[in-house]
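Trainee: File follows, model-v3.cif with mmCIF, C-alpha atoms:
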data_data
#
loop_
_atom_site.label_atom_id
_atom_site.label_comp_id
_atom_site.auth_asym_id
_atom_site.auth_seq_id
_atom_site.Cartn_x
_atom_site.Cartn_y
_atom_site.Cartn_z
CA MET A 27 10.65 8.95 -81.13
CA ARG A 28 8.13 7.77 -78.57
CA PHE A 29 8.72 4.42 -76.83
CA VAL A 30 5.62 4.45 -74.63
CA SER A 31 2.18 5.74 -75.45
CA ARG A 32 0.63 8.54 -73.38
CA GLY A 33 -2.18 6.27 -72.24
CA ALA A 34 0.24 3.57 -71.08
CA ALA A 35 2.36 6.10 -69.26
CA SER A 36 -0.57 7.54 -67.34
CA TYR A 37 -1.76 4.01 -66.54
CA VAL A 38 1.64 3.09 -65.09
CA ALA A 39 1.76 6.35 -63.16
CA SER A 40 -1.63 5.63 -61.60
CA LEU A 41 -0.55 2.15 -60.61
CA THR A 42 2.63 3.54 -59.06
CA LEU A 43 0.72 6.14 -57.09
CA ALA A 44 -1.70 3.51 -55.82
CA ALA A 45 1.17 1.28 -54.74
CA LEU A 46 2.81 4.19 -52.92
CA GLY A 47 -0.48 4.87 -51.17
CA LEU A 48 -0.59 1.29 -49.93
CA VAL A 49 2.96 1.59 -48.66
CA GLY A 50 2.15 4.78 -46.81
CA GLN A 51 -0.87 3.27 -45.15
CA GLY A 52 0.20 -0.16 -43.96
CA CYS A 53 3.53 -1.30 -45.11
CA GLY A 54 5.28 1.70 -43.46
CA ARG A 55 4.66 0.25 -39.99
CA PRO A 56 7.56 -1.66 -38.38
CA TYR A 57 5.21 -4.56 -37.76
CA GLU A 58 2.48 -6.46 -39.54
CA PRO A 59 -0.87 -6.50 -37.77
CA GLN A 60 -3.35 -9.18 -38.71
CA THR A 61 -6.85 -8.04 -37.78
CA PRO A 62 -8.44 -10.98 -35.94
CA ASP A 63 -11.96 -12.34 -36.34
CA GLY A 64 -14.60 -10.19 -34.77
CA PHE A 65 -12.50 -7.02 -35.03
CA VAL A 66 -12.44 -4.25 -37.60
CA GLU A 67 -9.45 -2.01 -38.16
CA LEU A 68 -9.99 1.66 -37.31
CA THR A 69 -8.41 4.25 -39.54
CA ASP A 70 -6.37 7.24 -38.45
CA GLY A 71 -9.60 9.14 -37.93
CA ALA A 72 -9.79 7.77 -34.35
CA ARG A 73 -9.23 10.26 -31.56
CA ASP A 74 -5.67 10.52 -30.20
CA TYR A 75 -4.39 8.50 -33.11
CA ASP A 76 -0.60 8.61 -32.90
CA SER A 77 0.92 8.42 -36.34
CA SER A 78 4.43 8.99 -34.93
CA ALA A 79 4.09 5.67 -33.12
CA HIS A 80 2.77 3.87 -36.21
CA GLU A 81 -0.49 3.23 -34.46
CA TYR A 82 -2.92 0.47 -35.33
CA ARG A 83 -6.32 0.11 -33.69
CA ALA A 84 -9.16 -2.33 -34.12
CA SER A 85 -12.42 -2.80 -32.29
CA THR A 86 -15.22 -5.32 -31.89
CA ALA A 87 -18.81 -4.31 -32.29
CA ASP A 88 -19.30 -4.17 -28.51
CA GLY A 89 -16.28 -2.04 -27.73
CA VAL A 90 -13.33 -4.34 -27.03
CA VAL A 91 -10.36 -2.50 -28.49
CA LEU A 92 -7.01 -3.75 -29.71
CA GLY A 93 -4.13 -1.33 -30.29
CA VAL A 94 -0.49 -1.46 -31.33
CA ARG A 95 2.12 1.24 -31.18
CA ALA A 96 5.82 1.15 -31.90
CA TRP A 97 8.38 3.68 -30.72
CA GLU A 98 12.00 3.82 -31.77
CA ASN A 99 14.11 2.18 -29.13
CA GLU A 100 16.14 5.27 -28.37
CA PRO A 101 17.56 5.58 -25.72
CA LYS A 102 17.96 1.83 -25.69
CA VAL A 103 15.93 -0.12 -23.16
CA ASP A 104 15.64 -3.84 -22.62
CA LEU A 105 12.48 -5.86 -22.14
CA GLY A 106 12.86 -6.04 -18.36
CA LEU A 107 13.10 -2.29 -17.90
CA ALA A 108 10.25 -1.54 -20.26
CA VAL A 109 7.99 -4.05 -18.48
CA ARG A 110 8.86 -2.78 -15.02
CA ALA A 111 8.33 0.82 -16.02
CA LEU A 112 4.97 0.08 -17.58
CA GLU A 113 3.84 -2.09 -14.69
CA THR A 114 4.74 0.59 -12.13
CA ARG A 115 3.04 3.30 -14.13
CA VAL A 116 -0.18 1.41 -14.71
CA ARG A 117 -0.41 -0.28 -11.34
CA LEU A 118 0.74 2.38 -8.89
CA GLY A 119 0.17 5.47 -11.01
CA GLU A 120 -3.22 4.53 -12.40
CA GLY A 121 -4.42 2.16 -9.67
CA TYR A 122 -4.85 -0.88 -11.90
CA ALA A 123 -4.86 -4.30 -10.26
CA LEU A 124 -2.17 -6.58 -11.63
CA LEU A 125 -3.91 -9.90 -12.19
CA SER A 126 -1.15 -11.86 -13.90
CA LYS A 127 2.13 -11.60 -15.75
CA LYS A 128 3.60 -14.13 -18.18
CA ASP A 129 6.04 -14.57 -21.02
CA VAL A 130 4.78 -14.63 -24.59
CA ARG A 131 6.33 -14.89 -28.05
CA ALA A 132 5.48 -13.11 -31.27
CA ARG A 133 5.27 -14.88 -34.59
CA ASP A 134 8.96 -14.36 -35.29
CA ALA A 135 9.79 -15.73 -31.81
CA THR A 136 10.55 -12.29 -30.37
CA LYS A 137 10.18 -12.58 -26.61
CA GLY A 138 7.59 -10.47 -24.91
CA VAL A 139 5.73 -10.13 -21.63
CA GLN A 140 1.98 -10.06 -21.15
CA LEU A 141 0.59 -8.03 -18.22
CA ASP A 142 -3.08 -8.47 -17.36
CA PHE A 143 -4.75 -5.77 -15.31
CA GLY A 144 -8.18 -5.05 -13.95
CA HIS A 145 -9.63 -1.59 -13.49
CA ASP A 146 -13.02 -0.07 -12.86
CA GLU A 147 -14.18 2.44 -15.43
CA SER A 148 -17.36 4.32 -14.52
CA GLY A 149 -18.11 1.68 -11.94
CA ASP A 150 -17.76 -1.28 -14.33
CA ALA A 151 -14.97 -3.82 -14.05
CA HIS A 152 -12.74 -3.74 -17.14
CA HIS A 153 -9.82 -5.83 -18.24
CA TYR A 154 -6.70 -4.36 -19.78
CA SER A 155 -3.84 -6.38 -21.22
CA ALA A 156 -0.52 -4.90 -22.25
CA PHE A 157 2.00 -6.91 -24.27
CA VAL A 158 5.53 -5.56 -24.42
CA PHE A 159 8.06 -6.53 -27.09
CA VAL A 160 11.48 -4.95 -27.44
CA THR A 161 13.83 -5.25 -30.40
CA ASP A 162 17.01 -3.36 -31.18
CA ASP A 163 15.05 -0.82 -33.19
CA TYR A 164 11.63 -0.55 -31.59
CA VAL A 165 9.63 -0.87 -28.40
CA TYR A 166 6.21 -2.36 -29.21
CA ILE A 167 3.23 -2.01 -26.92
CA VAL A 168 0.18 -4.04 -27.84
CA GLU A 169 -2.89 -3.22 -25.78
CA ALA A 170 -6.30 -4.79 -25.48
CA GLY A 171 -9.11 -3.60 -23.27
CA GLY A 172 -12.81 -3.71 -22.62
CA LYS A 173 -15.51 -4.60 -20.13
CA LYS A 174 -14.61 -7.74 -18.21
CA ASP A 175 -17.19 -10.13 -19.64
CA LEU A 176 -16.86 -8.81 -23.21
CA PHE A 177 -13.08 -8.97 -22.96
CA GLU A 178 -13.20 -12.62 -21.92
CA ARG A 179 -15.34 -13.39 -24.95
CA ALA A 180 -12.83 -11.68 -27.24
CA ARG A 181 -9.80 -13.25 -25.56
CA PRO A 182 -9.30 -16.06 -28.10
CA SER A 183 -9.09 -13.46 -30.88
CA ILE A 184 -6.65 -11.37 -28.86
CA ASP A 185 -4.46 -14.40 -28.15
CA TRP A 186 -4.52 -15.23 -31.87
CA PHE A 187 -3.48 -11.66 -32.68
CA ILE A 188 -0.44 -11.91 -30.44
CA LYS A 189 0.60 -15.29 -31.84
CA ASN A 190 0.46 -13.77 -35.32
CA PHE A 191 2.01 -10.43 -34.42
CA ASP A 192 5.21 -9.89 -36.37
CA PRO A 193 7.49 -7.15 -35.03
CA SER A 194 9.88 -7.09 -37.97
CA MET B 10 49.58 -5.26 56.75
CA ARG B 11 52.19 -7.39 55.08
CA LYS B 12 53.44 -6.70 51.52
CA LEU B 13 52.11 -9.06 48.82
CA SER B 14 54.51 -11.22 46.89
CA PRO B 15 54.62 -10.75 43.08
CA ARG B 16 52.67 -13.96 42.61
CA GLU B 17 50.03 -12.94 45.12
CA GLY B 18 49.88 -9.57 43.43
CA TRP B 19 49.18 -11.19 40.05
CA LEU B 20 46.49 -13.42 41.52
CA ALA B 21 44.85 -10.44 43.19
CA ALA B 22 44.89 -8.50 39.92
CA VAL B 23 43.34 -11.42 38.00
CA LEU B 24 40.66 -11.82 40.68
CA ALA B 25 39.90 -8.11 40.54
CA VAL B 26 39.48 -8.25 36.73
CA VAL B 27 37.16 -11.26 36.97
CA MET B 28 35.03 -9.56 39.61
CA LEU B 29 34.89 -6.38 37.55
CA ALA B 30 33.83 -8.30 34.42
CA SER B 31 31.03 -10.12 36.20
CA ALA B 32 29.79 -6.91 37.78
CA CYS B 33 29.71 -5.16 34.42
CA ALA B 34 27.96 -8.06 32.62
CA LYS B 35 24.17 -7.58 32.39
CA GLY B 36 21.34 -8.22 29.98
CA GLU B 37 20.45 -6.01 27.05
CA PRO B 38 20.21 -2.41 28.12
CA PRO B 39 16.68 -1.02 28.47
CA GLN B 40 15.38 0.70 25.35
CA ALA B 41 14.35 4.34 25.46
CA PRO B 42 10.59 4.82 25.75
CA HIS B 43 9.03 4.43 22.32
CA GLY B 44 5.72 6.14 21.57
CA VAL B 45 4.83 5.17 18.00
CA MET B 46 5.93 2.34 15.77
CA ARG B 47 5.17 2.45 12.11
CA GLU B 48 5.57 0.02 9.27
CA SER B 49 4.59 0.96 5.80
CA GLY B 50 5.08 -0.25 2.31
CA GLY B 51 3.35 -1.71 -0.73
CA ALA B 52 3.15 -5.25 -2.04
CA ALA B 53 5.77 -5.88 -4.66
CA THR B 54 3.59 -7.90 -6.96
CA GLY B 55 -0.01 -8.32 -7.91
CA MET B 56 -2.88 -10.39 -6.66
CA ASP B 57 -1.53 -13.77 -7.71
CA SER B 58 1.55 -13.45 -5.55
CA PRO B 59 1.27 -13.97 -1.83
CA ALA B 60 0.99 -10.69 0.01
CA GLU B 61 3.95 -9.78 2.12
CA PRO B 62 3.33 -10.79 5.72
CA ALA B 63 1.73 -8.11 7.80
CA PRO B 64 3.86 -7.01 10.74
CA ALA B 65 3.19 -8.68 14.03
CA PRO B 66 2.66 -6.44 17.01
CA PRO B 67 6.10 -5.47 18.32
CA ALA B 68 7.59 -8.60 19.80
CA ASP B 69 9.61 -6.84 22.42
CA ALA B 70 7.47 -3.82 23.00
CA SER B 71 7.57 -4.64 26.67
CA LYS B 72 11.23 -3.64 26.53
CA GLU B 73 10.85 -0.84 24.03
CA GLU B 74 8.14 1.00 25.85
CA ASP B 75 10.09 1.09 29.07
CA ASP B 76 8.19 3.84 30.81
CA GLY B 77 9.70 3.72 34.25
CA TYR B 78 6.98 1.45 35.68
CA SER B 79 8.94 -1.69 34.95
CA LEU B 80 12.49 -0.33 34.67
CA GLN B 81 13.68 -1.58 38.04
CA ALA B 82 11.94 -4.89 37.50
CA SER B 83 13.79 -5.28 34.18
CA PHE B 84 17.17 -4.75 35.79
CA GLY B 85 16.21 -7.11 38.54
CA ASP B 86 15.07 -9.77 36.10
CA ASN B 87 18.13 -9.36 33.92
CA ALA B 88 20.47 -9.60 36.87
CA LYS B 89 19.07 -13.05 37.58
CA THR B 90 19.32 -14.30 33.98
CA GLN B 91 22.42 -15.16 31.97
CA PRO B 92 24.49 -12.10 31.09
CA GLY B 93 23.44 -10.85 27.68
CA GLY B 94 20.37 -13.07 27.71
CA PRO B 95 17.09 -11.80 26.34
CA SER B 96 14.30 -10.48 28.52
CA GLN B 97 11.78 -13.17 29.41
CA LYS B 98 8.72 -10.88 29.12
CA PRO B 99 6.16 -12.13 26.60
CA ALA B 100 5.07 -9.95 23.66
CA PRO B 101 2.08 -7.77 24.53
CA GLN B 102 -1.23 -8.99 23.17
CA PRO B 103 -3.34 -6.42 21.33
CA GLY B 104 -6.29 -5.23 23.36
CA VAL B 105 -5.06 -6.82 26.59
CA GLY B 106 -3.25 -3.90 28.18
CA ILE B 107 -6.39 -1.84 28.72
CA ASP B 108 -8.07 -4.62 30.68
CA ASP B 109 -5.01 -5.82 32.56
CA PRO B 110 -5.66 -5.20 36.27
CA SER B 111 -2.00 -5.79 37.11
CA ARG B 112 -1.12 -2.80 34.89
CA LYS B 113 1.92 -4.58 33.47
CA GLN B 114 0.81 -4.85 29.85
CA PRO B 115 1.29 -1.82 27.62
CA ILE B 116 -1.77 -0.14 26.16
CA LEU B 117 -1.40 -0.09 22.38
CA ILE B 118 -3.61 1.47 19.73
CA TYR B 119 -3.39 -0.19 16.33
CA LYS B 120 -4.31 1.51 13.09
CA ALA B 121 -3.85 0.39 9.49
CA GLU B 122 -4.38 2.14 6.20
CA PHE B 123 -4.46 0.37 2.86
CA SER B 124 -4.47 1.64 -0.71
CA LEU B 125 -5.90 -0.98 -3.02
CA SER B 126 -6.15 -0.91 -6.79
CA VAL B 127 -9.30 0.46 -8.36
CA TYR B 128 -10.77 -2.82 -9.54
CA GLU B 129 -14.09 -4.41 -8.58
CA VAL B 130 -14.36 -1.75 -5.92
CA GLU B 131 -17.94 -2.48 -4.87
CA LYS B 132 -17.18 -6.17 -4.43
CA SER B 133 -14.06 -5.35 -2.41
CA LEU B 134 -15.89 -2.85 -0.19
CA ASN B 135 -18.47 -5.52 0.59
CA ALA B 136 -15.71 -8.04 1.27
CA VAL B 137 -13.97 -5.74 3.76
CA GLU B 138 -17.23 -4.97 5.53
CA GLY B 139 -18.02 -8.69 5.68
CA LEU B 140 -14.61 -9.47 7.12
CA ALA B 141 -15.04 -6.83 9.79
CA LYS B 142 -18.42 -8.17 10.85
CA ASP B 143 -17.12 -11.73 10.92
CA ALA B 144 -14.32 -10.59 13.20
CA GLY B 145 -16.81 -9.08 15.63
CA GLY B 146 -16.26 -5.54 14.44
CA TYR B 147 -18.41 -2.89 12.84
CA LEU B 148 -18.54 -0.42 10.00
CA SER B 149 -17.45 3.08 10.91
CA ARG B 150 -17.64 4.85 7.55
CA ARG B 151 -18.13 3.93 3.90
CA ASP B 152 -18.32 5.76 0.60
CA ASP B 153 -17.80 4.89 -3.06
CA ARG B 154 -14.06 4.57 -2.81
CA SER B 155 -13.16 3.93 0.82
CA ILE B 156 -14.24 2.15 3.96
CA THR B 157 -13.27 2.41 7.63
CA VAL B 158 -13.95 -0.45 10.02
CA ARG B 159 -13.32 -1.00 13.72
CA ILE B 160 -12.45 -4.47 14.85
CA PRO B 161 -11.50 -6.03 18.20
CA ALA B 162 -7.79 -5.43 18.71
CA GLN B 163 -7.17 -9.16 19.16
CA LYS B 164 -8.27 -9.70 15.55
CA PHE B 165 -6.13 -6.91 14.09
CA GLN B 166 -3.36 -9.07 12.65
CA GLU B 167 -5.83 -11.54 11.20
CA MET B 168 -7.79 -8.72 9.58
CA VAL B 169 -4.69 -7.10 8.08
CA ASP B 170 -3.73 -10.45 6.51
CA ALA B 171 -7.25 -10.96 5.17
CA ILE B 172 -7.51 -7.48 3.62
CA ALA B 173 -4.21 -8.02 1.81
CA LYS B 174 -5.97 -10.79 -0.12
CA VAL B 175 -9.03 -8.74 -1.06
CA GLY B 176 -7.27 -6.84 -3.83
CA ASP B 177 -3.96 -5.68 -5.23
CA VAL B 178 -2.33 -3.78 -2.36
CA LEU B 179 -0.58 -0.68 -3.67
CA HIS B 180 0.36 0.66 -0.26
CA ARG B 181 -0.01 -0.34 3.37
CA ASP B 182 0.67 1.65 6.51
CA VAL B 183 0.44 -0.01 9.94
CA VAL B 184 0.89 2.08 13.07
CA SER B 185 1.03 0.98 16.67
CA GLU B 186 0.83 3.80 19.19
CA ASP B 187 1.80 3.22 22.80
CA VAL B 188 -0.48 5.30 25.01
CA THR B 189 0.37 3.58 28.30
CA ALA B 190 2.07 6.61 29.81
CA GLU B 191 -0.75 8.96 28.85
CA TYR B 192 -3.40 6.55 30.14
CA ARG B 193 -1.66 6.05 33.48
CA ASP B 194 -1.16 9.80 33.85
CA LEU B 195 -4.82 10.42 33.22
CA GLU B 196 -5.82 7.79 35.75
CA ILE B 197 -3.68 9.49 38.39
CA GLN B 198 -5.03 12.90 37.45
CA LEU B 199 -8.57 11.56 37.74
CA GLN B 200 -7.90 10.13 41.19
CA ASN B 201 -6.45 13.46 42.29
CA GLN B 202 -9.36 15.44 40.89
CA LEU B 203 -11.90 13.13 42.52
CA ALA B 204 -10.13 13.48 45.84
CA MET B 205 -10.05 17.25 45.44
CA ARG B 206 -13.73 17.33 44.60
CA ALA B 207 -14.51 15.34 47.72
CA ARG B 208 -12.53 17.83 49.84
CA PHE B 209 -14.29 20.83 48.28
CA GLU B 210 -17.67 19.21 48.84
CA LYS B 211 -16.82 18.89 52.53
CA LEU B 212 -15.69 22.51 52.57
CA LEU B 213 -18.95 23.52 50.96
CA GLU B 214 -20.90 21.84 53.73
CA LYS B 215 -18.98 23.91 56.25
CA ALA B 216 -19.17 27.19 54.35
CA ALA B 217 -20.74 29.87 56.53
CA LYS B 218 -20.95 32.76 54.10
CA VAL B 219 -22.61 32.98 50.73
CA GLU B 220 -19.45 34.39 49.10
CA GLU B 221 -17.45 31.46 50.41
CA ALA B 222 -20.03 28.99 49.15
CA LEU B 223 -20.02 30.65 45.72
CA GLN B 224 -16.22 30.45 45.50
CA ILE B 225 -16.27 26.79 46.43
CA GLU B 226 -19.07 26.10 43.97
CA LYS B 227 -17.01 27.80 41.26
CA GLU B 228 -14.02 25.61 42.04
CA LEU B 229 -16.22 22.55 42.16
CA GLY B 230 -17.54 23.42 38.73
CA ARG B 231 -14.04 23.69 37.35
CA ILE B 232 -12.95 20.43 38.94
CA THR B 233 -16.04 18.63 37.67
CA GLY B 234 -15.27 19.90 34.19
CA ASP B 235 -11.73 18.56 34.46
CA ILE B 236 -13.02 15.23 35.72
CA GLU B 237 -15.42 14.90 32.80
CA ARG B 238 -12.70 15.84 30.34
CA ILE B 239 -10.30 13.27 31.80
CA LYS B 240 -12.97 10.59 31.83
CA GLY B 241 -13.79 11.37 28.22
CA ARG B 242 -10.18 11.05 27.16
CA LEU B 243 -9.76 7.80 29.12
CA LYS B 244 -12.88 6.41 27.49
CA LEU B 245 -11.60 7.37 24.03
CA LEU B 246 -8.21 5.76 24.59
CA ALA B 247 -9.82 2.63 26.00
CA ASP B 248 -12.14 2.41 23.02
CA GLN B 249 -9.27 2.87 20.56
CA ALA B 250 -7.19 0.26 22.38
CA ARG B 251 -10.01 -2.29 22.45
CA TYR B 252 -11.08 -1.66 18.85
CA SER B 253 -8.45 -1.12 16.16
CA THR B 254 -9.18 1.06 13.14
CA ILE B 255 -8.57 -0.06 9.57
CA THR B 256 -9.15 2.20 6.57
CA VAL B 257 -9.12 0.86 3.02
CA LYS B 258 -9.03 3.26 0.09
CA PHE B 259 -9.33 2.40 -3.58
CA GLU B 260 -7.11 4.84 -5.40
CA PRO B 261 -3.91 5.00 -7.37
CA ARG B 262 -0.75 6.39 -5.84
CA SER B 263 -0.05 10.00 -6.68
CA SER B 264 2.67 10.70 -9.23
CA ALA B 265 4.78 12.22 -6.46
CA GLN B 266 4.59 8.94 -4.58
CA VAL B 267 5.22 6.82 -7.68
CA GLN B 268 8.15 8.90 -8.91
CA LYS B 269 10.18 9.08 -5.78
CA GLY B 270 13.40 9.94 -7.54
CA PRO B 271 14.27 13.28 -9.12
CA PHE B 272 14.42 11.75 -12.60
CA VAL B 273 11.79 10.95 -15.21
CA LEU B 274 12.27 7.91 -17.42
CA PRO B 275 12.68 8.87 -21.09
CA LEU B 276 10.08 6.38 -22.24
CA PRO B 277 7.44 8.09 -24.37
CA PHE B 278 4.87 5.34 -23.98
CA LEU B 279 4.67 5.62 -20.20
CA ASN B 280 2.21 8.49 -20.24
CA GLN B 281 0.16 7.04 -23.07
CA VAL B 282 -1.02 3.69 -21.79
CA GLY B 283 -4.23 2.58 -20.18
CA LEU B 284 -7.87 2.06 -20.96
CA ARG B 285 -8.85 5.71 -21.26
CA ARG B 286 -6.58 6.36 -24.17
CA LEU B 287 -7.03 2.97 -25.80
CA MET B 288 -10.80 3.21 -25.79
CA SER B 289 -11.10 6.83 -26.85
CA LEU B 290 -12.38 6.14 -30.33
#
Since I need it in another form, could you write the structure as structure tokens?
Mentor:
Amino acid sequence: MRFVSRGAASYVASLTLAALGLVGQGCGRPYEPQTPDGFVELTDGARDYDSSAHEYRASTADGVVLGVRAWENEPKVDLGLAVRALETRVRLGEGYALLSKKDVRARDATKGVQLDFGHDESGDAHHYSAFVFVTDDYVYIVEAGGKKDLFERARPSIDWFIKNFDPS
Amino acid sequence: MRKLSPREGWLAAVLAVVMLASACAKGEPPQAPHGVMRESGGAATGMDSPAEPAPAPPADASKEEDDGYSLQASFGDNAKTQPGGPSQKPAPQPGVGIDDPSRKQPILIYKAEFSLSVYEVEKSLNAVEGLAKDAGGYLSRRDDRSITVRIPAQKFQEMVDAIAKVGDVLHRDVVSEDVTAEYRDLEIQLQNQLAMRARFEKLLEKAAKVEEALQIEKELGRITGDIERIKGRLKLLADQARYSTITVKFEPRSSAQVQKGPFVLPLPFLNQVGLRRLMSL
């Protein structure tokens, strides 16, 4: 005795597979990125794409890039240590100029720190912002970077992204 | 001589102790001669925070560089002041020692080296060059990522403070080298060589034989060479004392300098941050 027709079964199977595909692509990340205005999400075809860190990247038409990565918080670090380590690495190790540092909050009120740097790339002044959030499970690094004047133009979108960033 | 009573004996002992204590009391002992003083470090925070104050020229270098010229004077001065009181000598002023006819000021050569972050490098190079010219100095060397300027020694401190505001200081190294002893030695050597040359010239006038004259000429040649060498060295030291040297480089610190400890932090993201990676699309 057949309860479901073959056609219905294959239809349900297709829907299930499609849903699983969606899960694999976006919903598997330990955060929910909201691509801001003026940016387009880049797929995992981008160079150096790090799937182990659940990477997300988006770019404007003129090359301002937004990126998010999340690593398991193991061994456990707190926000202060993660920020200090990153600041030392970028500033002293890479020669970036630290322009400012301030506290920020994600959409779910997770505390974070925003570090703004300046650095010359091929003779042009660039801006680079790193936002650090730490939860019990993950360390999140959100990065944004681009040429100085283009970055300033994209800053409202970047600020919006952080306000709507949900590390949960 | 009569025998002292116990009371007189006690009084004599107390008096002896008091006299001994006052004889032993003196000012701070003279410091050993000190050739080079160095202060180095990096700013703790970025450009928005005030830069850490640059070191002043050694406040008591007049004590520290005790080179024998003023040793007796120090003891003499200290004997007249309160026991344990500080020396009354003023701090040496940069660039003054070389032109001090009394020869009491030390001759100090100041050098500073900065590592600044690699940001708006061209603008910062121009700023440093501008600061040097405003201070009465000049450009010594410049390339894409570094600049060396010479500035009047009196403006050294001011210049160090100003450069700290030009960019994010990753590292600073300030050195003050006391060359007083060497300079004085060279002056004495020069006097001696000049006197010797004068004597040989007189001998040459009296030389009767050609062989004698040739020998004297040979010695004169050697002495003249020594004189020129000493004059050259004196001129170099005087120039370095009058004009301090400041080098500014725009470069990150090496990983060996950043990771001073034997450990590496187990944070996977540390090696994967920055513009290069982010913008490699």
Trainee: Report as JSON lines the residues of chain A within 6 Å of chain B, each with its shortest atom pair and distance in Å (one decimal), using all atoms listed in the file, ordered by chain and increasing residue number.
Mentor:
{"residue": "A:Ala72", "atom": "CA", "partner": "B:Leu290", "partner_atom": "CA", "distance": 5.1}
{"residue": "A:Arg73", "atom": "CA", "partner": "B:Leu290", "partner_atom": "CA", "distance": 5.3}
{"residue": "A:Leu118", "atom": "CA", "partner": "B:Arg262", "partner_atom": "CA", "distance": 5.3}
{"residue": "A:Gly119", "atom": "CA", "partner": "B:Arg262", "partner_atom": "CA", "distance": 5.3}
{"residue": "A:Glu120", "atom": "CA", "partner": "B:Pro261", "partner_atom": "CA", "distance": 5.1}
{"residue": "A:Gly121", "atom": "CA", "partner": "B:Pro261", "partner_atom": "CA", "distance": 3.7}
{"residue": "A:Tyr122", "atom": "CA", "partner": "B:Ser126", "partner_atom": "CA", "distance": 5.3}
{"residue": "A:Ala123", "atom": "CA", "partner": "B:Ser126", "partner_atom": "CA", "distance": 5.0}
{"residue": "A:Leu124", "atom": "CA", "partner": "B:Gly55", "partner_atom": "CA", "distance": 4.6}
{"residue": "A:Leu125", "atom": "CA", "partner": "B:Met56", "partner_atom": "CA", "distance": 5.6}
{"residue": "A:Gly144", "atom": "CA", "partner": "B:Tyr128", "partner_atom": "CA", "distance": 5.6}
{"residue": "A:His145", "atom": "CA", "partner": "B:Tyr128", "partner_atom": "CA", "distance": 4.3}
{"residue": "A:Asp146", "atom": "CA", "partner": "B:Tyr128", "partner_atom": "CA", "distance": 4.9}
{"residue": "A:Ala151", "atom": "CA", "partner": "B:Glu129", "partner_atom": "CA", "distance": 5.6}
Trainee: Can I get the selection written as a short mmCIF file (atom, residue, chain, number, x, y, z; two decimals), in the coordinates of the input, with C-alpha atoms?
Mentor:
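Once everything was written out, this is selection.cif:
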data_model
loop_
_atom_site.label_atom_id
_atom_site.label_comp_id
_atom_site.auth_asym_id
_atom_site.auth_seq_id
_atom_site.Cartn_x
_atom_site.Cartn_y
_atom_site.Cartn_z
CA ALA A 72 -9.79 7.77 -34.35
CA ARG A 73 -9.23 10.26 -31.56
CA LEU A 118 0.74 2.38 -8.89
CA GLY A 119 0.17 5.47 -11.01
CA GLU A 120 -3.22 4.53 -12.40
CA GLY A 121 -4.42 2.16 -9.67
CA TYR A 122 -4.85 -0.88 -11.90
CA ALA A 123 -4.86 -4.30 -10.26
CA LEU A 124 -2.17 -6.58 -11.63
CA LEU A 125 -3.91 -9.90 -12.19
CA GLY A 144 -8.18 -5.05 -13.95
CA HIS A 145 -9.63 -1.59 -13.49
CA ASP A 146 -13.02 -0.07 -12.86
CA ALA A 151 -14.97 -3.82 -14.05
#
Trainee: Kindly resolve the PyMOL selection byres ((chain A and resi 184) around 12) on the present coordinates and return the residues as a short mmCIF file (atom, residue, chain, number, x, y, z; two decimals) with C-alpha atoms, in the frame of the given file.
Mentor:
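The new file result26.cif reads:
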data_model
loop_
_atom_site.label_atom_id
_atom_site.label_comp_id
_atom_site.auth_asym_id
_atom_site.auth_seq_id
_atom_site.Cartn_x
_atom_site.Cartn_y
_atom_site.Cartn_z
CA PRO A 59 -0.87 -6.50 -37.77
CA GLN A 60 -3.35 -9.18 -38.71
CA THR A 61 -6.85 -8.04 -37.78
CA PRO A 62 -8.44 -10.98 -35.94
CA ASP A 63 -11.96 -12.34 -36.34
CA GLY A 64 -14.60 -10.19 -34.77
CA PHE A 65 -12.50 -7.02 -35.03
CA ALA A 84 -9.16 -2.33 -34.12
CA SER A 85 -12.42 -2.80 -32.29
CA THR A 86 -15.22 -5.32 -31.89
CA VAL A 90 -13.33 -4.34 -27.03
CA VAL A 91 -10.36 -2.50 -28.49
CA LEU A 92 -7.01 -3.75 -29.71
CA GLY A 93 -4.13 -1.33 -30.29
CA VAL A 94 -0.49 -1.46 -31.33
CA GLN A 140 1.98 -10.06 -21.15
CA TYR A 154 -6.70 -4.36 -19.78
CA SER A 155 -3.84 -6.38 -21.22
CA ALA A 156 -0.52 -4.90 -22.25
CA PHE A 157 2.00 -6.91 -24.27
CA VAL A 168 0.18 -4.04 -27.84
CA GLU A 169 -2.89 -3.22 -25.78
CA ALA A 170 -6.30 -4.79 -25.48
CA GLY A 171 -9.11 -3.60 -23.27
CA GLY A 172 -12.81 -3.71 -22.62
CA LEU A 176 -16.86 -8.81 -23.21
CA PHE A 177 -13.08 -8.97 -22.96
CA GLU A 178 -13.20 -12.62 -21.92
CA ARG A 179 -15.34 -13.39 -24.95
CA ALA A 180 -12.83 -11.68 -27.24
CA ARG A 181 -9.80 -13.25 -25.56
CA PRO A 182 -9.30 -16.06 -28.10
CA SER A 183 -9.09 -13.46 -30.88
CA ASP A 185 -4.46 -14.40 -28.15
CA TRP A 186 -4.52 -15.23 -31.87
CA PHE A 187 -3.48 -11.66 -32.68
CA ILE A 188 -0.44 -11.91 -30.44
CA LYS A 189 0.60 -15.29 -31.84
CA ASN A 190 0.46 -13.77 -35.32
CA PHE A 191 2.01 -10.43 -34.42
#
Trainee: Separation of CA of Asp150 in chain A and CA of Ala173 in chain B, in Å?
Mentor: 22.1 Å
Trainee: Given the file above and the PyMOL selection byres ((chain A and resi 162) around 9), which residues are selected, and can you give them as JSON, numbers by chain?
Mentor: {"A": [98, 99, 102, 103, 104, 160, 161, 163, 164, 165]}
